[in-house]
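> Sharing work04.txt below, compact mmCIF, C-alpha atoms and all ligand atoms:
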# COMPACT_ATOMS: atom_id res chain seq x y z
CA MET A 300 118.32 -3.02 8.16
CA ASN A 301 118.40 -5.61 5.37
CA LYS A 302 115.95 -4.87 2.64
CA VAL A 303 117.12 -7.05 -0.18
CA ASP A 304 117.48 -10.82 -0.44
CA VAL A 305 118.93 -12.37 -3.54
CA ILE A 306 118.60 -15.66 -5.40
CA ILE A 307 121.38 -16.58 -7.80
CA GLY A 308 122.35 -19.63 -9.81
CA LEU A 309 125.77 -21.03 -8.91
CA GLN A 310 126.25 -23.27 -11.95
CA HIS A 311 125.08 -22.89 -15.57
CA GLY A 312 121.39 -22.13 -15.09
CA ASP A 313 118.63 -24.69 -14.47
CA GLU A 314 119.59 -25.18 -10.82
CA ALA A 315 115.88 -24.97 -9.89
CA LYS A 316 116.10 -21.32 -8.88
CA ALA A 317 112.41 -20.85 -9.67
CA LYS A 318 111.35 -23.58 -7.26
CA CYS A 319 113.46 -21.96 -4.53
CA ALA A 320 112.23 -18.44 -5.39
CA TYR A 321 108.65 -19.75 -5.16
CA SER A 322 109.27 -21.41 -1.77
CA ILE A 323 111.13 -18.41 -0.32
CA CYS A 324 108.46 -16.04 -1.60
CA GLN A 325 105.65 -18.20 -0.24
CA GLU A 326 107.26 -18.39 3.20
CA ASN A 327 107.86 -14.64 3.29
CA LYS A 328 104.94 -13.32 1.30
CA LYS A 329 104.01 -10.89 4.06
CA HIS A 330 107.59 -9.60 4.15
CA TYR A 331 108.42 -8.98 0.49
CA ASN A 332 106.59 -6.25 -1.33
CA PHE A 333 108.58 -6.48 -4.56
CA VAL A 334 110.21 -9.27 -6.55
CA VAL A 335 112.72 -8.27 -9.23
CA ARG A 336 114.24 -10.09 -12.20
CA PHE A 337 117.63 -8.44 -12.46
CA ASN A 338 119.25 -9.92 -15.58
CA GLY A 339 118.60 -11.62 -18.89
CA GLY A 340 115.28 -11.95 -20.67
CA PRO A 341 113.18 -14.69 -22.27
CA ASN A 342 116.24 -16.97 -22.53
CA ALA A 343 115.32 -18.17 -19.02
CA GLY A 344 112.92 -21.02 -18.39
CA HIS A 345 111.70 -21.10 -14.78
CA THR A 346 109.62 -24.15 -13.88
CA ILE A 347 107.15 -23.53 -11.08
CA TYR A 348 104.66 -25.86 -9.38
CA HIS A 349 101.68 -23.91 -8.09
CA GLU A 350 99.03 -25.82 -6.13
CA GLY A 351 100.15 -29.01 -7.84
CA ARG A 352 100.11 -27.62 -11.38
CA LYS A 353 103.15 -26.78 -13.49
CA PHE A 354 103.85 -23.45 -15.19
CA VAL A 355 107.05 -22.31 -16.94
CA THR A 356 107.79 -18.58 -16.73
CA HIS A 357 110.37 -16.90 -18.92
CA GLN A 358 110.31 -13.23 -18.00
CA ILE A 359 107.74 -12.75 -15.25
CA PRO A 360 109.13 -12.78 -11.70
CA VAL A 361 107.64 -15.25 -9.23
CA GLY A 362 106.00 -12.52 -7.13
CA VAL A 363 102.85 -12.50 -9.28
CA PHE A 364 101.90 -15.93 -7.89
CA PHE A 365 101.48 -14.23 -4.50
CA ASP A 366 100.08 -10.84 -5.59
CA ILE A 367 103.46 -9.21 -5.02
CA HIS A 368 104.49 -6.47 -7.45
CA SER A 369 107.00 -7.96 -9.83
CA ILE A 370 109.56 -5.89 -11.66
CA ILE A 371 111.63 -6.46 -14.75
CA GLY A 372 114.73 -4.61 -13.63
CA PRO A 373 116.95 -2.00 -15.27
CA CYS A 374 119.67 -4.43 -16.39
CA SER A 375 117.25 -6.82 -18.09
CA VAL A 376 116.25 -7.07 -21.71
CA VAL A 377 112.61 -7.62 -22.52
CA ASP A 378 110.66 -9.13 -25.39
CA ILE A 379 107.26 -7.44 -25.13
CA GLU A 380 105.46 -9.79 -27.49
CA LYS A 381 106.57 -12.86 -25.51
CA LEU A 382 105.90 -11.09 -22.21
CA THR A 383 102.34 -10.28 -23.26
CA LYS A 384 101.74 -13.88 -24.28
CA GLU A 385 103.21 -15.11 -21.00
CA ALA A 386 101.12 -12.64 -18.95
CA ASP A 387 97.95 -13.78 -20.76
CA GLU A 388 98.75 -17.46 -20.19
CA LEU A 389 99.69 -16.93 -16.56
CA SER A 390 96.54 -14.84 -15.94
CA LYS A 391 94.50 -17.72 -17.30
CA PHE A 392 96.47 -20.28 -15.27
CA LEU A 393 96.01 -18.32 -12.02
CA GLY A 394 92.45 -17.26 -12.80
CA LYS A 395 93.22 -13.59 -12.15
CA ASP A 396 94.51 -10.56 -14.07
CA ILE A 397 98.22 -10.24 -13.32
CA TYR A 398 98.88 -7.21 -15.57
CA ASN A 399 98.68 -4.78 -12.65
CA PHE A 400 101.43 -6.67 -10.86
CA ILE A 401 104.01 -6.43 -13.68
CA LEU A 402 106.23 -3.35 -13.79
CA ILE A 403 109.17 -2.66 -16.10
CA ASP A 404 112.05 -0.34 -15.27
CA LYS A 405 112.42 2.50 -17.71
CA ARG A 406 116.04 1.51 -18.38
CA ALA A 407 115.35 -2.08 -19.48
CA HIS A 408 116.20 -2.64 -23.13
CA ILE A 409 113.78 -3.90 -25.74
CA ILE A 410 114.54 -7.04 -27.75
CA THR A 411 113.43 -6.28 -31.30
CA LYS A 412 112.47 -8.59 -34.19
CA LYS A 413 115.82 -7.69 -35.77
CA HIS A 414 117.70 -8.97 -32.68
CA ILE A 415 115.85 -12.29 -32.86
CA GLU A 416 116.50 -12.58 -36.59
CA LEU A 417 120.23 -12.01 -36.08
CA ASP A 418 120.27 -14.64 -33.30
CA SER A 419 118.40 -17.24 -35.34
CA ASP A 420 121.56 -19.29 -35.95
CA GLY A 421 122.22 -19.59 -32.21
CA SER A 422 125.23 -17.25 -32.61
CA THR A 423 127.71 -20.19 -32.85
CA ILE A 424 127.92 -20.73 -29.08
CA GLY A 425 124.42 -22.27 -29.04
CA SER A 426 122.20 -19.49 -27.72
CA THR A 427 118.50 -19.82 -26.96
CA LYS A 428 117.84 -17.77 -30.15
CA SER A 429 115.95 -15.15 -28.14
CA GLY A 430 118.01 -12.20 -29.39
CA ILE A 431 119.77 -11.68 -26.06
CA ALA A 432 123.32 -10.98 -27.28
CA TYR A 433 122.08 -8.59 -29.97
CA ALA A 434 119.86 -6.62 -27.59
CA TYR A 435 122.68 -6.25 -25.06
CA GLY A 436 125.05 -5.58 -27.98
CA ASP A 437 122.96 -2.61 -29.10
CA LYS A 438 122.71 -1.42 -25.49
CA TYR A 439 126.49 -1.31 -25.18
CA LEU A 440 126.87 0.22 -28.64
CA ARG A 441 124.57 2.92 -27.23
CA LYS A 442 122.00 2.48 -29.94
CA GLY A 443 119.46 0.29 -28.14
CA LEU A 444 115.82 1.03 -27.41
CA ARG A 445 114.92 1.57 -23.75
CA TYR A 446 111.52 0.73 -22.36
CA GLU A 447 110.87 4.40 -21.52
CA ASP A 448 111.26 5.28 -25.19
CA SER A 449 108.85 2.64 -26.41
CA ILE A 450 105.08 2.66 -26.50
CA TYR A 451 104.11 -0.58 -24.80
CA GLY A 452 101.40 -1.37 -22.29
CA PHE A 453 103.11 -2.50 -19.07
CA LEU A 454 103.63 0.10 -16.35
CA CYS A 455 106.97 1.89 -16.81
CA VAL A 456 108.73 2.72 -13.52
CA ASP A 457 111.93 4.23 -12.19
CA THR A 458 113.10 1.52 -9.78
CA TYR A 459 115.29 3.97 -7.88
CA LYS A 460 112.08 5.37 -6.41
CA ILE A 461 110.90 1.89 -5.46
CA PHE A 462 114.12 0.31 -4.16
CA HIS A 463 115.01 3.20 -1.87
CA GLN A 464 111.62 3.68 -0.24
CA GLU A 465 111.48 3.25 3.52
CA LYS A 466 109.26 0.17 3.44
CA ALA A 467 110.61 -1.75 0.45
CA ASN A 468 111.56 -5.36 1.16
CA ILE A 469 112.70 -6.90 -2.04
CA LEU A 470 113.56 -10.33 -3.40
CA PHE A 471 115.92 -10.28 -6.37
CA GLU A 472 115.48 -13.30 -8.59
CA GLY A 473 118.40 -14.12 -10.87
CA ALA A 474 118.22 -15.83 -14.23
CA GLN A 475 120.85 -18.15 -15.76
CA GLY A 476 123.86 -18.89 -13.53
CA TRP A 477 127.42 -17.94 -12.67
CA GLY A 478 128.91 -20.28 -15.28
CA LEU A 479 127.09 -18.21 -17.93
CA ASP A 480 128.10 -14.82 -16.48
CA ILE A 481 129.36 -12.42 -19.15
CA ASP A 482 132.61 -11.79 -17.22
CA PHE A 483 133.17 -14.80 -14.97
CA GLY A 484 131.60 -17.53 -17.09
CA ASP A 485 133.45 -19.69 -19.60
CA TYR A 486 133.69 -16.98 -22.29
CA PRO A 487 132.49 -17.04 -25.08
CA TYR A 488 130.10 -19.82 -23.95
CA VAL A 489 128.19 -17.37 -21.81
CA THR A 490 125.10 -15.20 -21.87
CA SER A 491 125.35 -11.41 -22.12
CA SER A 492 124.39 -10.28 -18.61
CA HIS A 493 125.71 -10.27 -15.05
CA CYS A 494 124.19 -13.38 -13.47
CA GLY A 495 125.64 -12.85 -9.97
CA ILE A 496 125.54 -10.26 -7.20
CA ALA A 497 127.01 -7.63 -9.57
CA GLY A 498 123.71 -7.69 -11.47
CA VAL A 499 121.88 -6.74 -8.26
CA ILE A 500 124.24 -3.87 -7.46
CA ALA A 501 124.08 -2.67 -11.08
CA SER A 502 120.28 -2.53 -10.69
CA GLY A 503 120.61 0.34 -8.24
CA ILE A 504 121.01 -1.45 -4.90
CA ASN A 505 123.85 -0.60 -2.52
CA HIS A 506 125.80 -3.29 -0.68
CA HIS A 507 124.47 -2.27 2.77
CA MET A 508 120.98 -3.26 1.68
CA ILE A 509 121.84 -6.86 0.87
CA GLY A 510 120.82 -9.53 3.39
CA ASN A 511 120.49 -13.20 2.49
CA VAL A 512 122.13 -14.35 -0.70
CA TYR A 513 120.62 -17.70 -1.62
CA GLY A 514 122.95 -19.59 -3.95
CA ILE A 515 121.17 -22.35 -5.83
CA ALA A 516 123.02 -25.42 -7.09
CA LYS A 517 122.24 -28.91 -8.29
CA ILE A 518 123.92 -31.92 -6.72
CA TYR A 519 125.25 -32.63 -10.23
CA GLU A 520 125.79 -30.11 -13.01
CA THR A 521 124.16 -29.43 -16.34
CA TYR A 522 124.88 -27.09 -19.23
CA VAL A 523 123.06 -26.29 -22.48
CA GLY A 524 124.98 -24.86 -25.40
CA ASN A 525 127.62 -25.69 -27.97
CA LYS A 526 130.72 -26.45 -25.91
CA GLU A 527 131.59 -29.97 -24.84
CA PHE A 528 130.70 -30.22 -21.17
CA GLN A 529 129.79 -33.86 -20.67
CA PRO A 530 132.81 -36.16 -21.17
CA LYS A 531 131.90 -38.36 -24.15
CA GLU A 532 133.60 -41.49 -22.84
CA ASN A 533 131.62 -41.49 -19.58
CA THR A 534 128.69 -43.93 -19.76
CA GLU A 535 127.28 -43.04 -16.34
CA LEU A 536 126.46 -39.39 -17.02
CA PRO A 537 123.67 -40.02 -19.58
CA LYS A 538 121.73 -41.58 -16.67
CA PHE A 539 121.51 -38.17 -15.01
CA GLN A 540 119.94 -36.81 -18.18
CA LYS A 541 117.29 -39.48 -18.13
CA VAL A 542 116.41 -39.70 -14.46
CA GLY A 543 116.83 -35.95 -13.89
CA GLN A 544 114.76 -35.15 -17.02
CA GLU A 545 117.43 -32.74 -18.14
CA ILE A 546 115.73 -31.10 -21.07
CA GLY A 547 115.72 -27.31 -21.54
CA ALA A 548 112.49 -25.58 -20.48
CA THR A 549 112.96 -22.82 -23.10
CA THR A 550 114.47 -24.59 -26.10
CA GLY A 551 113.77 -28.29 -25.49
CA ARG A 552 117.46 -29.11 -25.94
CA VAL A 553 119.06 -31.94 -23.98
CA ARG A 554 121.25 -30.64 -21.16
CA GLN A 555 124.79 -32.03 -20.92
CA CYS A 556 125.59 -33.44 -17.48
CA ASN A 557 128.63 -33.74 -15.24
CA TYR A 558 129.39 -34.32 -11.56
CA LEU A 559 129.16 -31.53 -8.98
CA ASN A 560 132.37 -29.49 -9.15
CA LEU A 561 133.50 -28.01 -5.82
CA ASP A 562 136.56 -26.43 -7.49
CA THR A 563 134.30 -24.00 -9.34
CA LEU A 564 131.57 -23.82 -6.69
CA ILE A 565 133.84 -22.50 -3.92
CA PRO A 566 135.05 -19.36 -5.77
CA THR A 567 131.47 -18.77 -6.92
CA ILE A 568 130.24 -18.73 -3.31
CA LYS A 569 133.04 -16.40 -2.23
CA ILE A 570 132.71 -13.89 -5.06
CA ASN A 571 128.95 -13.60 -4.65
CA GLY A 572 128.91 -13.60 -0.84
CA VAL A 573 126.46 -16.51 -0.74
CA THR A 574 125.02 -16.90 2.77
CA ASN A 575 122.68 -19.85 2.14
CA ILE A 576 123.27 -22.62 -0.32
CA ILE A 577 120.53 -24.93 -1.53
CA PHE A 578 121.49 -28.13 -3.33
CA ASN A 579 118.63 -29.50 -5.44
CA LYS A 580 117.85 -32.81 -7.08
CA ILE A 581 119.07 -35.03 -4.27
CA ASP A 582 116.26 -37.41 -5.28
CA VAL A 583 118.03 -38.00 -8.62
CA VAL A 584 121.39 -39.08 -7.15
CA GLU A 585 119.57 -41.17 -4.53
CA GLU A 586 117.63 -42.95 -7.26
CA LEU A 587 120.73 -43.51 -9.39
CA LYS A 588 122.90 -44.36 -6.38
CA ILE A 589 125.72 -42.37 -7.95
CA PHE A 590 127.48 -40.32 -5.28
CA LYS A 591 130.40 -38.51 -6.90
CA LEU A 592 131.86 -35.03 -7.06
CA ILE A 593 134.95 -33.25 -8.33
CA TYR A 594 137.31 -31.73 -5.78
CA LYS A 595 140.93 -30.66 -6.34
CA LYS A 596 140.58 -31.94 -9.92
CA GLU A 597 139.83 -35.49 -8.77
CA ILE A 598 136.60 -37.46 -8.80
CA LYS A 599 135.65 -38.40 -5.23
CA ILE A 600 133.36 -41.39 -4.79
CA PHE A 601 131.11 -41.93 -1.77
CA LYS A 602 129.25 -45.00 -0.50
CA ASN A 603 125.99 -43.16 0.09
CA PHE A 604 124.48 -39.69 0.09
CA LEU A 605 125.10 -39.12 3.78
CA GLU A 606 128.83 -39.58 3.27
CA MET A 607 128.79 -37.23 0.30
CA LYS A 608 126.80 -34.64 2.24
CA TYR A 609 129.24 -34.70 5.18
CA PHE A 610 132.13 -34.23 2.77
CA ILE A 611 130.43 -31.23 1.11
CA ASN A 612 129.51 -29.69 4.49
CA ASP A 613 133.06 -30.12 5.85
CA THR A 614 134.74 -28.84 2.71
CA LEU A 615 132.55 -25.76 2.39
CA THR A 616 132.80 -24.99 6.12
CA ASN A 617 136.60 -25.17 5.90
CA GLU A 618 136.99 -23.25 2.67
CA ILE A 619 134.44 -20.47 3.09
CA PRO A 620 135.72 -17.85 5.52
CA TYR A 621 132.28 -17.15 7.06
CA PHE A 622 129.28 -19.21 8.18
CA ILE A 623 127.18 -20.55 5.37
CA GLN A 624 123.89 -22.37 5.79
CA ILE A 625 123.63 -25.50 3.63
CA VAL A 626 120.32 -27.13 2.69
CA TYR A 627 119.70 -30.25 0.60
CA SER A 628 116.43 -30.72 -1.27
CA GLY A 629 115.04 -33.77 -3.03
CA ASN A 630 111.57 -32.40 -3.68
CA PRO A 631 110.91 -31.04 -7.20
CA HIS A 632 108.01 -28.90 -5.98
CA LYS A 633 109.51 -27.10 -2.96
CA ILE A 634 112.78 -26.66 -1.06
P1 LIG A 701 121.63 -16.69 -24.74
O1 LIG A 701 121.52 -16.19 -23.35
O2 LIG A 701 120.32 -17.09 -25.37
O3 LIG A 701 122.42 -15.75 -25.63
O4 LIG A 701 122.48 -18.06 -24.68
C1 LIG A 701 123.83 -18.08 -24.28
C2 LIG A 701 124.17 -19.38 -23.55
O5 LIG A 701 123.49 -19.40 -22.31
C3 LIG A 701 123.72 -20.66 -24.27
O6 LIG A 701 124.64 -21.69 -23.97
C4 LIG A 701 122.36 -20.96 -23.64
O7 LIG A 701 122.01 -22.31 -23.72
C5 LIG A 701 122.65 -20.54 -22.20
N1 LIG A 701 121.44 -20.11 -21.48
C6 LIG A 701 120.81 -18.92 -21.57
N2 LIG A 701 119.78 -18.86 -20.73
C7 LIG A 701 119.76 -20.04 -20.07
C8 LIG A 701 118.94 -20.57 -19.03
O8 LIG A 701 118.03 -19.93 -18.52
N3 LIG A 701 119.25 -21.83 -18.60
C9 LIG A 701 120.27 -22.54 -19.12
N4 LIG A 701 121.08 -22.08 -20.07
C10 LIG A 701 120.82 -20.84 -20.55
MG MG A 702 115.84 -22.96 -16.71
Give the structure from this file in structure tokens form.
Ligand code: IMP
Ligand code: MG

Amino acid sequence: MNKVDVIIGLQHGDEAKAKCAYSICQENKKHYNFVVRFNGGPNAGHTIYHEGRKFVTHQIPVGVFFDIHSIIGPCSVVDIEKLTKEADELSKFLGKDIYNFILIDKRAHIITKKHIELDSDGSTIGSTKSGIAYAYGDKYLRKGLRYEDSIYGFLCVDTYKIFHQEKANILFEGAQGWGLDIDFGDYPYVTSSHCGIAGVIASGINHHMIGNVYGIAKIYETYVGNKEFQPKENTELPKFQKVGQEIGATTGRVRQCNYLNLDTLIPTIKINGVTNIIFNKIDVVEELKIFKLIYKKEIKIFKNFLEMKYFINDTLTNEIPYFIQIVYSGNPHKI
């Protein structure tokens, strides 16, 4: 019996995971009884459209929109001050008290004022200045502060007791993306957590429990941080920034853009056992009429989106050794 479905980012974050998590949760709201954020902290910016209105979450899992208990998992780091502010704002936005729906695993680590202070220079690689690397740093130096040892107001739980109950059906919601993974990302231009399936397993889930793994990608790629990602000489790529409104939801920084890269996407799908892939922002490439991707280190150019889509479908079907469902979405509000 599958009890756990997973949503992960296949690129560098900002693949519209939140939109997909919202849609998947909405469709299955009778099925899921828990939604879990399994990595990262307030570095994430998840844009959600709820009944036509926009809200950006940073730490709160999407389950609260549907009265589903939402957990900040054991491998996450948490900024309680920001979480409280977010919970207050979201309660107001939804017109209901969401505090009872937010649970924090006892093992999650606290981001302190000191961590944020140390991160205030963006730690050279261009962090979100949320104290992430320093909180995880203290965790691994074995001198961090766990939620169970703090005195804060959100309900403290042992997720082992929740995840391994008979009736638990859980959606794991990832933050950031594979390109920012602490081990598999482009080190040191990474975040400090496991952004892929390893983060789910590390949260106390065994592999038999995992069902659908939704891999979320954009039809072009973006990255925020200090490395050079967008080729400077390319005059076409700034158009993606503009039409795609590629501005960071957490820091307001402009996201660098590049074409979809199948050379990195294919290993990402294989390593994470992605069963369903959702490509977002089709509306942007349609509007720009730029249909390009990178495959075998070359830029492939297509006449229209249909041609590009067939190429992606054929390539992924041939290269992935199991069946993978592929969906294309051009709607910013739902899949
Ligand atoms: P940190 O996670 O704040 O330490 O930042 C490390 C790197 O990950 C920087 O390049 C950030 O811009 C990037 N990053 C962290 N969280 C996100 C996210 O949610 N979306 C996009 N980039 C992110
Ligand atoms: Mg984001």
> As a ChimeraX atom specification, please: every protein or nucleic acid residue near ligand MG 702 (chain A) (cut-off 6 Å, counting all atoms listed in the file).
/A:312-313,343-345,548
> For ligand LIG 701 (chain A), list the contacting residues at 7 Å or closer, counting all atoms listed in the file, as a PyMOL selection string.
chain A and resi 311-313+342-344+424-432+474-475+479+488-491+522-525
> Assuming 6 Å of padding per side, give the centre and edge lengths of the axis-aligned box around every listed atom of stretch 334-352 of chain A, in Å to one decimal and as AutoDock Vina command-line options.

--center_x 109.1 --center_y -18.6 --center_z -14.3 --size_x 32.2 --size_y 32.7 --size_z 28.4
> Could you list, as a compact mmCIF listing (two decimals) with C-alpha atoms, in the coordinates of the input, every residue within 10 Å of A:Lys466, counting all atoms listed in the file and ignoring same-chain residues fewer than 6 positions away?

# COMPACT_ATOMS: atom_id res chain seq x y z
CA LYS A 302 115.95 -4.87 2.64
CA HIS A 330 107.59 -9.60 4.15
CA TYR A 331 108.42 -8.98 0.49
CA ASN A 332 106.59 -6.25 -1.33
> Rounded to one decimal in Å, what is the spacing between atom CA of A:Tyr321 and atom CA of A:Trp477?
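Value for the atom CA of A:Tyr321-atom CA of A:Trp477 distance: 20.3 Å.
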> Could you list, as a ChimeraX atom specification, every residue within 10 Å of A:Lys633, counting all atoms listed in the file and ignoring same-chain residues fewer than 3 positions away?
/A:315,317-323,347-349,579,628-630
> Could you work out how far atom CA of A:Glu388 lies from atom CA of A:Lys353, giving the answer in Å with one decimal?
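A separation of 12.3 Å between them.
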> Looking at A:Thr563, A:Asn575, A:Asn468, A:Thr423, which one is nearest to A:Asn511, with distances taken over only C-alpha atoms?
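Of all the options, A:Asn575 lies closest to A:Asn511.
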> Enter the distance from atom CA of A:Pro360 to atom CA of A:Phe622, in Å, rounded to one decimal.
29.0 Å
> Residues of stretch 501-606 of chain A within 10 Å of stretch 446-465 of chain A: nearest atom pair and distance (Å, one decimal) for each, counting all atoms listed in the file, sorted by chain and number, as CSV?

residue,atom,partner,partner_atom,distance
A:Ser502,CA,A:Thr458,CA,8.3
A:Gly503,CA,A:Tyr459,CA,6.5
A:Ile504,CA,A:Phe462,CA,7.1
A:Asn505,CA,A:His463,CA,9.6
A:Met508,CA,A:His463,CA,9.5
> Looking at all atoms listed in the file, which of A:Leu402, A:Gln310, A:Ile496, A:Gln544 is the one that sits closest to A:Tyr558?
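The closest residue to A:Tyr558 is A:Gln310.
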> Please provide as a PyMOL selection string all residues within 12 Å of A:Ile576, with the sequence filter that same-chain residues fewer than 5 positions apart are discarded (counting all atoms listed in the file).
chain A and resi 305-309+314+316+319+511-518+564-565+567-569+571+611-612+615-616+619+622-628+634
> Looking at A:Lys602, A:Tyr519, A:Gly495, A:Ile359, which one is nearest to A:Thr346, with distances taken over only C-alpha atoms?
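For A:Thr346, the nearest of the given residues is A:Ile359.
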> Taking (113.4, -4.2, -20.5) in the file's coordinates as the center, which residues reach within 8 Å of it, counting only C-alpha atoms, put as a ChimeraX atom specification?
/A:340,371-378,403-410,445-446
> Choose the residue, out of A:Asp562, A:Glu535, A:Glu326, A:Glu472, that has the smallest atom-to-atom separation from A:Phe590; count only C-alpha atoms.
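The closest residue to A:Phe590 is A:Glu535.
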> List the neighbours of A:His414 out to 7 Å using all atoms listed in the file; skip same-chain residues closer than 2 positions along the sequence, and give me the result as a ChimeraX atom specification.
/A:410-412,416-418,430,433-434
> Could you check which of A:Ile401, A:Cys556, A:Leu561, A:Leu536 is closest to A:Ile589, using all atoms listed in the file?
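Checking each candidate against A:Ile589, we get A:Leu536 as the closest.
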